[in-house]
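Chemist: input-v7.cif is reproduced below (mmCIF, N, CA and C atoms).
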```
data_data
loop_
_atom_site.label_atom_id
_atom_site.label_comp_id
_atom_site.auth_asym_id
_atom_site.auth_seq_id
_atom_site.Cartn_x
_atom_site.Cartn_y
_atom_site.Cartn_z
N MET A 1 103.55 125.10 126.74
CA MET A 1 103.02 125.66 127.97
C MET A 1 101.52 125.42 128.04
N GLU A 2 101.07 125.16 129.23
CA GLU A 2 99.65 124.93 129.46
C GLU A 2 98.87 126.23 129.30
N LYS A 3 97.77 126.15 128.56
CA LYS A 3 96.91 127.32 128.36
C LYS A 3 96.19 127.62 129.67
N ARG A 4 96.14 128.89 130.03
CA ARG A 4 95.49 129.30 131.27
C ARG A 4 94.32 130.24 130.98
N ILE A 5 93.67 130.62 132.01
CA ILE A 5 92.51 131.51 131.95
C ILE A 5 92.85 132.81 131.21
N ASN A 6 91.89 133.34 130.49
CA ASN A 6 92.03 134.64 129.85
C ASN A 6 91.21 135.63 130.67
N ILE A 7 91.91 136.34 131.53
CA ILE A 7 91.24 137.29 132.44
C ILE A 7 90.46 138.34 131.68
N MET A 8 90.98 138.78 130.56
CA MET A 8 90.31 139.83 129.80
C MET A 8 88.97 139.36 129.25
N GLU A 9 88.83 138.06 129.01
CA GLU A 9 87.55 137.52 128.55
C GLU A 9 86.63 137.17 129.71
N THR A 10 87.18 136.57 130.76
CA THR A 10 86.34 136.08 131.85
C THR A 10 85.96 137.18 132.85
N GLN A 11 86.72 138.26 132.86
CA GLN A 11 86.46 139.37 133.79
C GLN A 11 86.34 140.68 133.01
N ALA A 12 85.21 140.88 132.42
CA ALA A 12 84.99 142.04 131.54
C ALA A 12 85.21 143.36 132.28
N GLN A 13 84.83 143.43 133.53
CA GLN A 13 85.02 144.67 134.29
C GLN A 13 86.51 144.96 134.48
N ALA A 14 87.30 143.92 134.70
CA ALA A 14 88.74 144.11 134.84
C ALA A 14 89.33 144.61 133.53
N ALA A 15 88.90 144.02 132.42
CA ALA A 15 89.37 144.45 131.11
C ALA A 15 89.01 145.92 130.88
N LYS A 16 87.79 146.27 131.21
CA LYS A 16 87.34 147.66 131.04
C LYS A 16 88.20 148.61 131.87
N ALA A 17 88.50 148.22 133.09
CA ALA A 17 89.33 149.06 133.97
C ALA A 17 90.75 149.20 133.42
N MET A 18 91.32 148.10 132.95
CA MET A 18 92.68 148.16 132.41
C MET A 18 92.73 149.03 131.15
N TYR A 19 91.74 148.87 130.29
CA TYR A 19 91.71 149.70 129.08
C TYR A 19 91.43 151.16 129.42
N GLY A 20 90.72 151.39 130.52
CA GLY A 20 90.53 152.76 131.00
C GLY A 20 91.85 153.38 131.42
N LEU A 21 92.71 152.59 132.08
CA LEU A 21 94.04 153.08 132.44
C LEU A 21 94.87 153.37 131.19
N GLU A 22 94.73 152.53 130.17
CA GLU A 22 95.43 152.79 128.91
C GLU A 22 94.93 154.08 128.26
N GLY A 23 93.63 154.34 128.37
CA GLY A 23 93.07 155.59 127.86
C GLY A 23 93.65 156.79 128.59
N TYR A 24 93.77 156.66 129.91
CA TYR A 24 94.40 157.72 130.70
C TYR A 24 95.83 157.94 130.21
N LEU A 25 96.59 156.84 130.06
CA LEU A 25 97.99 156.94 129.65
C LEU A 25 98.12 157.63 128.29
N ALA A 26 97.20 157.34 127.38
CA ALA A 26 97.22 157.97 126.06
C ALA A 26 96.98 159.47 126.15
N SER A 27 96.31 159.92 127.21
CA SER A 27 96.00 161.34 127.35
C SER A 27 97.08 162.14 128.07
N THR A 28 98.12 161.48 128.54
CA THR A 28 99.18 162.17 129.28
C THR A 28 100.11 162.91 128.33
N GLN A 29 100.99 163.71 128.91
CA GLN A 29 101.97 164.43 128.09
C GLN A 29 103.21 163.60 127.80
N LEU A 30 103.26 162.36 128.27
CA LEU A 30 104.41 161.50 127.99
C LEU A 30 104.49 161.21 126.50
N PRO A 31 105.63 161.48 125.88
CA PRO A 31 105.77 161.12 124.47
C PRO A 31 105.81 159.60 124.31
N LYS A 32 105.45 159.14 123.12
CA LYS A 32 105.44 157.70 122.87
C LYS A 32 106.79 157.06 123.18
N ALA A 33 107.86 157.75 122.85
CA ALA A 33 109.20 157.19 123.10
C ALA A 33 109.41 156.91 124.59
N HIS A 34 108.98 157.83 125.45
CA HIS A 34 109.12 157.62 126.89
C HIS A 34 108.24 156.47 127.36
N LYS A 35 107.01 156.43 126.87
CA LYS A 35 106.11 155.34 127.26
C LYS A 35 106.67 153.99 126.88
N GLU A 36 107.21 153.89 125.68
CA GLU A 36 107.72 152.59 125.23
C GLU A 36 108.98 152.19 125.99
N LEU A 37 109.85 153.14 126.31
CA LEU A 37 111.02 152.80 127.12
C LEU A 37 110.59 152.26 128.48
N ILE A 38 109.61 152.89 129.09
CA ILE A 38 109.08 152.43 130.37
C ILE A 38 108.51 151.03 130.23
N LYS A 39 107.70 150.84 129.21
CA LYS A 39 107.03 149.54 129.02
C LYS A 39 108.03 148.42 128.74
N ILE A 40 109.01 148.70 127.92
CA ILE A 40 110.00 147.67 127.59
C ILE A 40 110.85 147.35 128.82
N ARG A 41 111.33 148.37 129.51
CA ARG A 41 112.22 148.11 130.66
C ARG A 41 111.49 147.35 131.77
N ALA A 42 110.29 147.74 132.11
CA ALA A 42 109.54 147.02 133.14
C ALA A 42 109.28 145.58 132.70
N SER A 43 108.96 145.39 131.44
CA SER A 43 108.68 144.06 130.92
C SER A 43 109.93 143.19 130.92
N GLN A 44 111.10 143.79 130.70
CA GLN A 44 112.35 143.04 130.82
C GLN A 44 112.54 142.54 132.24
N ILE A 45 112.35 143.44 133.19
CA ILE A 45 112.53 143.08 134.60
C ILE A 45 111.55 141.99 135.01
N ASN A 46 110.32 142.10 134.56
CA ASN A 46 109.27 141.15 134.94
C ASN A 46 109.26 139.87 134.11
N GLY A 47 110.10 139.80 133.10
CA GLY A 47 110.16 138.61 132.26
C GLY A 47 108.89 138.36 131.47
N CYS A 48 108.28 139.43 130.98
CA CYS A 48 107.01 139.31 130.26
C CYS A 48 107.25 139.29 128.75
N ALA A 49 107.33 138.09 128.20
CA ALA A 49 107.60 137.93 126.77
C ALA A 49 106.52 138.57 125.92
N PHE A 50 105.25 138.41 126.31
CA PHE A 50 104.14 138.97 125.54
C PHE A 50 104.30 140.49 125.41
N CYS A 51 104.55 141.16 126.52
CA CYS A 51 104.66 142.62 126.50
C CYS A 51 105.94 143.08 125.82
N LEU A 52 107.03 142.34 126.00
CA LEU A 52 108.27 142.68 125.30
C LEU A 52 108.08 142.61 123.79
N ASP A 53 107.42 141.56 123.33
CA ASP A 53 107.15 141.41 121.91
C ASP A 53 106.33 142.60 121.40
N MET A 54 105.26 142.92 122.10
CA MET A 54 104.38 144.00 121.69
C MET A 54 105.08 145.36 121.70
N HIS A 55 105.75 145.67 122.80
CA HIS A 55 106.27 147.03 122.96
C HIS A 55 107.57 147.28 122.22
N THR A 56 108.37 146.25 121.97
CA THR A 56 109.53 146.47 121.12
C THR A 56 109.08 146.73 119.68
N LYS A 57 108.06 146.01 119.23
CA LYS A 57 107.52 146.26 117.89
C LYS A 57 106.93 147.67 117.79
N ASP A 58 106.16 148.06 118.83
CA ASP A 58 105.58 149.41 118.85
C ASP A 58 106.68 150.47 118.82
N ALA A 59 107.73 150.26 119.61
CA ALA A 59 108.83 151.23 119.68
C ALA A 59 109.52 151.36 118.32
N LEU A 60 109.77 150.24 117.67
CA LEU A 60 110.39 150.28 116.34
C LEU A 60 109.50 151.02 115.34
N ARG A 61 108.19 150.76 115.39
CA ARG A 61 107.25 151.46 114.50
C ARG A 61 107.24 152.96 114.76
N ASN A 62 107.50 153.35 116.01
CA ASN A 62 107.49 154.77 116.38
C ASN A 62 108.86 155.43 116.21
N GLY A 63 109.81 154.72 115.60
CA GLY A 63 111.09 155.32 115.29
C GLY A 63 112.24 155.03 116.24
N GLU A 64 111.99 154.19 117.24
CA GLU A 64 113.07 153.83 118.17
C GLU A 64 114.10 152.99 117.42
N SER A 65 115.37 153.13 117.80
CA SER A 65 116.42 152.36 117.13
C SER A 65 116.56 150.97 117.75
N SER A 66 116.93 150.03 116.92
CA SER A 66 117.19 148.67 117.41
C SER A 66 118.31 148.68 118.43
N GLN A 67 119.33 149.47 118.19
CA GLN A 67 120.47 149.51 119.10
C GLN A 67 120.05 149.91 120.51
N ARG A 68 119.21 150.93 120.63
CA ARG A 68 118.76 151.36 121.96
C ARG A 68 117.90 150.29 122.62
N ILE A 69 117.08 149.62 121.86
CA ILE A 69 116.27 148.54 122.42
C ILE A 69 117.18 147.41 122.90
N PHE A 70 118.17 147.04 122.09
CA PHE A 70 119.08 145.96 122.45
C PHE A 70 119.85 146.28 123.73
N LEU A 71 120.18 147.55 123.92
CA LEU A 71 121.00 147.96 125.07
C LEU A 71 120.19 148.50 126.24
N LEU A 72 118.89 148.41 126.16
CA LEU A 72 118.05 149.00 127.20
C LEU A 72 118.32 148.41 128.59
N ASN A 73 118.58 147.11 128.67
CA ASN A 73 118.83 146.53 129.99
C ASN A 73 120.21 146.91 130.53
N ALA A 74 121.02 147.59 129.74
CA ALA A 74 122.32 148.09 130.18
C ALA A 74 122.39 149.61 130.02
N TRP A 75 121.28 150.28 130.22
CA TRP A 75 121.19 151.72 129.96
C TRP A 75 122.18 152.55 130.76
N ARG A 76 122.57 152.11 131.93
CA ARG A 76 123.52 152.87 132.75
C ARG A 76 124.92 152.89 132.13
N GLU A 77 125.24 151.88 131.35
CA GLU A 77 126.59 151.73 130.80
C GLU A 77 126.72 152.30 129.39
N THR A 78 125.75 153.05 128.93
CA THR A 78 125.80 153.59 127.58
C THR A 78 125.42 155.07 127.58
N ASN A 79 125.88 155.77 126.57
CA ASN A 79 125.51 157.18 126.39
C ASN A 79 124.38 157.33 125.38
N LEU A 80 123.69 156.24 125.06
CA LEU A 80 122.61 156.28 124.07
C LEU A 80 121.33 156.89 124.61
N PHE A 81 121.24 157.05 125.93
CA PHE A 81 120.02 157.57 126.54
C PHE A 81 120.29 158.92 127.17
N SER A 82 119.36 159.84 126.99
CA SER A 82 119.49 161.20 127.52
C SER A 82 119.36 161.18 129.04
N PRO A 83 119.77 162.27 129.70
CA PRO A 83 119.58 162.35 131.16
C PRO A 83 118.11 162.17 131.57
N GLU A 84 117.19 162.73 130.77
CA GLU A 84 115.77 162.57 131.06
C GLU A 84 115.35 161.11 130.97
N GLU A 85 115.81 160.43 129.93
CA GLU A 85 115.48 159.01 129.76
C GLU A 85 116.08 158.17 130.87
N LYS A 86 117.29 158.52 131.30
CA LYS A 86 117.92 157.77 132.39
C LYS A 86 117.13 157.91 133.69
N VAL A 87 116.59 159.08 133.94
CA VAL A 87 115.74 159.25 135.12
C VAL A 87 114.47 158.42 134.98
N LEU A 88 113.85 158.44 133.80
CA LEU A 88 112.66 157.62 133.55
C LEU A 88 112.96 156.14 133.80
N LEU A 89 114.09 155.68 133.33
CA LEU A 89 114.46 154.28 133.48
C LEU A 89 114.76 153.93 134.93
N ALA A 90 115.39 154.85 135.65
CA ALA A 90 115.64 154.62 137.08
C ALA A 90 114.32 154.53 137.84
N ILE A 91 113.39 155.44 137.55
CA ILE A 91 112.07 155.38 138.19
C ILE A 91 111.40 154.05 137.85
N THR A 92 111.46 153.67 136.59
CA THR A 92 110.84 152.42 136.15
C THR A 92 111.38 151.24 136.95
N GLU A 93 112.69 151.16 137.06
CA GLU A 93 113.29 150.04 137.79
C GLU A 93 112.93 150.07 139.27
N GLU A 94 113.01 151.23 139.89
CA GLU A 94 112.78 151.31 141.33
C GLU A 94 111.32 151.06 141.70
N VAL A 95 110.39 151.51 140.87
CA VAL A 95 108.98 151.25 141.15
C VAL A 95 108.64 149.80 140.83
N THR A 96 109.19 149.26 139.75
CA THR A 96 108.95 147.86 139.40
C THR A 96 109.52 146.94 140.48
N LEU A 97 110.68 147.27 140.98
CA LEU A 97 111.34 146.47 142.03
C LEU A 97 111.10 147.09 143.40
N ILE A 98 109.89 147.52 143.65
CA ILE A 98 109.54 148.28 144.85
C ILE A 98 109.89 147.54 146.14
N HIS A 99 109.92 146.22 146.09
CA HIS A 99 110.24 145.43 147.28
C HIS A 99 111.69 145.64 147.73
N GLN A 100 112.54 146.17 146.87
CA GLN A 100 113.94 146.37 147.24
C GLN A 100 114.13 147.62 148.10
N HIS A 101 113.61 148.74 147.64
CA HIS A 101 113.70 149.97 148.43
C HIS A 101 112.74 151.05 147.96
N GLY A 102 111.98 150.77 146.95
CA GLY A 102 111.03 151.75 146.43
C GLY A 102 111.74 152.86 145.66
N LEU A 103 111.01 153.90 145.39
CA LEU A 103 111.56 155.04 144.66
C LEU A 103 112.48 155.82 145.60
N SER A 104 113.77 155.79 145.30
CA SER A 104 114.76 156.39 146.19
C SER A 104 114.68 157.92 146.19
N GLU A 105 115.18 158.50 147.27
CA GLU A 105 115.26 159.96 147.36
C GLU A 105 116.15 160.52 146.25
N GLU A 106 117.25 159.82 145.95
CA GLU A 106 118.17 160.28 144.91
C GLU A 106 117.48 160.34 143.55
N THR A 107 116.78 159.29 143.19
CA THR A 107 116.10 159.26 141.89
C THR A 107 114.98 160.29 141.86
N TYR A 108 114.23 160.37 142.94
CA TYR A 108 113.13 161.34 142.99
C TYR A 108 113.67 162.77 142.86
N SER A 109 114.78 163.06 143.52
CA SER A 109 115.39 164.39 143.44
C SER A 109 115.86 164.69 142.02
N ARG A 110 116.47 163.70 141.38
CA ARG A 110 116.90 163.87 139.98
C ARG A 110 115.69 164.15 139.09
N ALA A 111 114.61 163.43 139.33
CA ALA A 111 113.39 163.64 138.54
C ALA A 111 112.84 165.05 138.76
N ARG A 112 112.82 165.49 140.00
CA ARG A 112 112.30 166.83 140.33
C ARG A 112 113.12 167.93 139.67
N ALA A 113 114.41 167.69 139.47
CA ALA A 113 115.27 168.68 138.82
C ALA A 113 114.98 168.80 137.33
N ILE A 114 114.37 167.76 136.76
CA ILE A 114 114.12 167.74 135.31
C ILE A 114 112.65 167.95 134.97
N PHE A 115 111.76 167.31 135.74
CA PHE A 115 110.33 167.27 135.42
C PHE A 115 109.50 167.95 136.50
N ASP A 116 108.31 168.40 136.12
CA ASP A 116 107.38 168.92 137.13
C ASP A 116 106.64 167.75 137.79
N GLU A 117 105.91 168.06 138.84
CA GLU A 117 105.21 167.01 139.60
C GLU A 117 104.21 166.25 138.75
N GLY A 118 103.52 166.95 137.85
CA GLY A 118 102.55 166.29 137.00
C GLY A 118 103.19 165.24 136.11
N TYR A 119 104.35 165.58 135.56
CA TYR A 119 105.04 164.64 134.67
C TYR A 119 105.55 163.44 135.47
N ILE A 120 106.09 163.69 136.64
CA ILE A 120 106.56 162.59 137.49
C ILE A 120 105.40 161.67 137.83
N ALA A 121 104.26 162.24 138.17
CA ALA A 121 103.08 161.42 138.48
C ALA A 121 102.68 160.57 137.27
N GLN A 122 102.75 161.14 136.08
CA GLN A 122 102.40 160.40 134.86
C GLN A 122 103.41 159.27 134.61
N VAL A 123 104.68 159.51 134.88
CA VAL A 123 105.69 158.47 134.73
C VAL A 123 105.40 157.32 135.70
N ILE A 124 105.14 157.66 136.95
CA ILE A 124 104.84 156.63 137.94
C ILE A 124 103.61 155.83 137.52
N MET A 125 102.58 156.51 137.04
CA MET A 125 101.38 155.79 136.60
C MET A 125 101.68 154.90 135.40
N ALA A 126 102.52 155.34 134.48
CA ALA A 126 102.89 154.50 133.34
C ALA A 126 103.58 153.23 133.82
N VAL A 127 104.44 153.36 134.83
CA VAL A 127 105.13 152.19 135.38
C VAL A 127 104.13 151.26 136.06
N VAL A 128 103.22 151.83 136.83
CA VAL A 128 102.20 151.02 137.51
C VAL A 128 101.36 150.25 136.49
N ILE A 129 100.95 150.91 135.43
CA ILE A 129 100.08 150.29 134.43
C ILE A 129 100.79 149.14 133.72
N ILE A 130 102.03 149.33 133.28
CA ILE A 130 102.71 148.23 132.59
C ILE A 130 103.00 147.09 133.56
N ASN A 131 103.27 147.39 134.81
CA ASN A 131 103.46 146.32 135.78
C ASN A 131 102.19 145.50 135.97
N ALA A 132 101.04 146.15 135.95
CA ALA A 132 99.77 145.42 136.04
C ALA A 132 99.59 144.52 134.82
N TRP A 133 99.85 145.05 133.63
CA TRP A 133 99.75 144.24 132.41
C TRP A 133 100.72 143.07 132.46
N ASN A 134 101.96 143.32 132.90
CA ASN A 134 102.95 142.25 133.00
C ASN A 134 102.47 141.14 133.92
N ARG A 135 101.89 141.51 135.03
CA ARG A 135 101.43 140.52 135.99
C ARG A 135 100.28 139.68 135.44
N ILE A 136 99.42 140.33 134.69
CA ILE A 136 98.33 139.58 134.04
C ILE A 136 98.91 138.63 133.00
N ALA A 137 99.78 139.13 132.14
CA ALA A 137 100.31 138.31 131.05
C ALA A 137 101.17 137.15 131.55
N VAL A 138 102.01 137.41 132.54
CA VAL A 138 102.90 136.36 133.05
C VAL A 138 102.11 135.31 133.82
N SER A 139 101.21 135.74 134.69
CA SER A 139 100.49 134.77 135.51
C SER A 139 99.49 133.94 134.71
N THR A 140 99.03 134.47 133.58
CA THR A 140 98.09 133.70 132.75
C THR A 140 98.78 133.06 131.55
N ARG A 141 100.10 133.26 131.47
CA ARG A 141 100.90 132.71 130.35
C ARG A 141 100.33 133.14 128.99
N LEU A 142 100.08 134.41 128.87
CA LEU A 142 99.55 134.96 127.62
C LEU A 142 100.55 134.68 126.50
N GLU A 143 100.05 134.10 125.43
CA GLU A 143 100.92 133.67 124.34
C GLU A 143 101.20 134.80 123.36
N ILE A 144 102.42 134.79 122.85
CA ILE A 144 102.82 135.78 121.85
C ILE A 144 102.16 135.39 120.52
N PRO A 145 101.51 136.36 119.87
CA PRO A 145 100.92 136.04 118.57
C PRO A 145 101.99 135.67 117.56
N GLN A 146 101.73 134.68 116.76
CA GLN A 146 102.70 134.23 115.74
C GLN A 146 102.53 134.99 114.47
#
```
Would you write the structure of this file as structure tokens?
Modeler:
Amino acid sequence: MEKRINIMETQAQAAKAMYGLEGYLASTQLPKAHKELIKIRASQINGCAFCLDMHTKDALRNGESSQRIFLLNAWRETNLFSPEEKVLLAITEEVTLIHQHGLSEETYSRARAIFDEGYIAQVIMAVVIINAWNRIAVSTRLEIPQ
């Protein structure tokens, strides 16, 4: 693959802003397991190899099982994910694929039954942040470290 621009090097202010969003995400009440499920699922949808490599490794280090990671793209067809995680994954998919219909009333209602507004807002922001990273990595062909 042809090497492309490194936005994080050429646009220091953009890098600072993105890392600021990561700092915000670190300060939320979202547990690491929820953050990694969001990051992996969005990265699967977006076809971001760099982020998939990073976040599957992070998830494994944080105690996530290989089986759940392997089956994440089929989460609806398995009982390996809790009702809370299934809502997180539905939000992740609907916000990532916003051009299809956006965050549906059904998913939002399910989220409201489980989480408070602050938590839902943090989930949406986690999805937005990983989608931004995916778009940077995919469009610049960020290479996976060997």
Chemist: Build an axis-aligned box that encloses every atom of segment 77-86 of chain A listed in the file, pad it by 6 Å on each side, and report its centre and edge lengths in Å to one decimal, as lines of an AutoDock Vina configuration file.
Modeler:
```
center_x = 121.0
center_y = 157.2
center_z = 128.9
size_x = 23.4
size_y = 23.0
size_z = 21.6
```
Chemist: Calculated over all atoms listed in the file, which of the candidates A:Ser66, A:Thr28, A:Ile7, A:Ile38 has the smallest distance to Ile91 of chain A?
Modeler: A:Ile38
Chemist: Which of segment 68-99 of chain A counts as helix (DSSP H, G or I) under DSSP, as a PyMOL selection string please?
Modeler: chain A and resi 68-70+72-77+83-96
Chemist: Here's the selection I'm unsure about, the PyMOL selection byres (((chain A and resi 84 and name CA) around 12) and name CA); applied to the file above, which residues does it give, as a list in words?
Modeler: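 With the PyMOL selection byres (((chain A and resi 84 and name CA) around 12) and name CA) on this model, the match is Leu30, Ala33, His34, Leu37, Leu80, Phe81, Ser82, Pro83, Glu85, Lys86, Val87, Leu88, Leu89, Ala90, Ile91, Thr107, Arg110, Ala111, Arg112, Ala113, Ile114, Phe115, Tyr119, Ile120 and Val123 of chain A.
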Chemist: So that I can check the surroundings of segment 42-55 of chain A, please list as a ChimeraX atom specification every protein, DNA and RNA residue that reaches within 7 Å of it, counting only N, CA and C atoms and ignoring chain neighbours fewer than 4 positions away.
Modeler: /A:36-38,59-60,92-93,96,130-131,134,137-138,142-145
Chemist: Take atom CA of Asp58 of chain A and atom CA of Lys39 of chain A and report the distance between them in Å, one decimal.
Modeler: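 So the answer is 10.3 Å.
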Chemist: Would you work out the distance separating atom CA of Ser139 of chain A from atom CA of Phe70 of chain A, expressed in Å to one decimal?
Modeler: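 Rounded to one decimal, the two atoms are 25.3 Å apart.
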Chemist: Grab the atom N of Trp133 of chain A to atom C of Lys32 of chain A distance for me, in Å with one decimal place.
Modeler: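 Going from atom N of Trp133 of chain A over to atom C of Lys32 of chain A covers 17.4 Å.
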Chemist: For this file, the PyMOL selection byres (((chain A and resi 3 and name CA) around 9) and name CA) selects which residues, as a list in words?
Modeler: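 For this structure, the PyMOL selection byres (((chain A and resi 3 and name CA) around 9) and name CA) resolves to Met1, Glu2, Arg4, Ile5, Asn6, Thr140, Arg141, Leu142 and Glu143 of chain A.
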Chemist: Can you work out which one of A:Gln122, A:Gln67, A:Thr10, A:Asn73 has the shortest atom-to-atom distance to Ile40 of chain A, counting all atoms listed in the file?
Modeler: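 Of A:Gln122, A:Gln67, A:Thr10, A:Asn73, the one nearest Ile40 of chain A, counting all atoms listed in the file, is A:Asn73.
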Chemist: Would you please take segment 127-142 of chain A of the structure in the block above and write N, CA and C atoms to a file as a short mmCIF file (atom, residue, chain, number, x, y, z; two decimals), in the first residue's frame?
Modeler:
```cif
data_model
loop_
_atom_site.label_atom_id
_atom_site.label_comp_id
_atom_site.auth_asym_id
_atom_site.auth_seq_id
_atom_site.Cartn_x
_atom_site.Cartn_y
_atom_site.Cartn_z
N VAL A 127 -18.73 6.35 20.61
CA VAL A 127 -18.94 5.92 19.22
C VAL A 127 -18.42 6.99 18.26
N VAL A 128 -18.74 8.24 18.55
CA VAL A 128 -18.28 9.35 17.70
C VAL A 128 -16.75 9.38 17.64
N ILE A 129 -16.11 9.23 18.78
CA ILE A 129 -14.65 9.32 18.85
C ILE A 129 -13.99 8.19 18.06
N ILE A 130 -14.44 6.94 18.23
CA ILE A 130 -13.81 5.85 17.49
C ILE A 130 -14.09 5.99 16.00
N ASN A 131 -15.25 6.49 15.63
CA ASN A 131 -15.51 6.71 14.21
C ASN A 131 -14.57 7.76 13.63
N ALA A 132 -14.25 8.79 14.39
CA ALA A 132 -13.28 9.79 13.92
C ALA A 132 -11.91 9.14 13.73
N TRP A 133 -11.47 8.36 14.72
CA TRP A 133 -10.19 7.66 14.59
C TRP A 133 -10.18 6.72 13.39
N ASN A 134 -11.28 5.97 13.21
CA ASN A 134 -11.37 5.06 12.06
C ASN A 134 -11.22 5.81 10.75
N ARG A 135 -11.85 6.95 10.65
CA ARG A 135 -11.80 7.72 9.41
C ARG A 135 -10.40 8.26 9.14
N ILE A 136 -9.73 8.64 10.19
CA ILE A 136 -8.33 9.08 10.03
C ILE A 136 -7.47 7.91 9.58
N ALA A 137 -7.57 6.79 10.28
CA ALA A 137 -6.71 5.64 9.99
C ALA A 137 -6.98 5.05 8.61
N VAL A 138 -8.24 4.93 8.23
CA VAL A 138 -8.57 4.33 6.94
C VAL A 138 -8.18 5.26 5.79
N SER A 139 -8.50 6.53 5.91
CA SER A 139 -8.22 7.45 4.80
C SER A 139 -6.74 7.72 4.62
N THR A 140 -5.96 7.56 5.68
CA THR A 140 -4.50 7.78 5.56
C THR A 140 -3.74 6.47 5.45
N ARG A 141 -4.48 5.36 5.45
CA ARG A 141 -3.87 4.01 5.36
C ARG A 141 -2.82 3.80 6.46
N LEU A 142 -3.22 4.11 7.66
CA LEU A 142 -2.32 3.94 8.81
C LEU A 142 -1.95 2.47 8.92
#
```
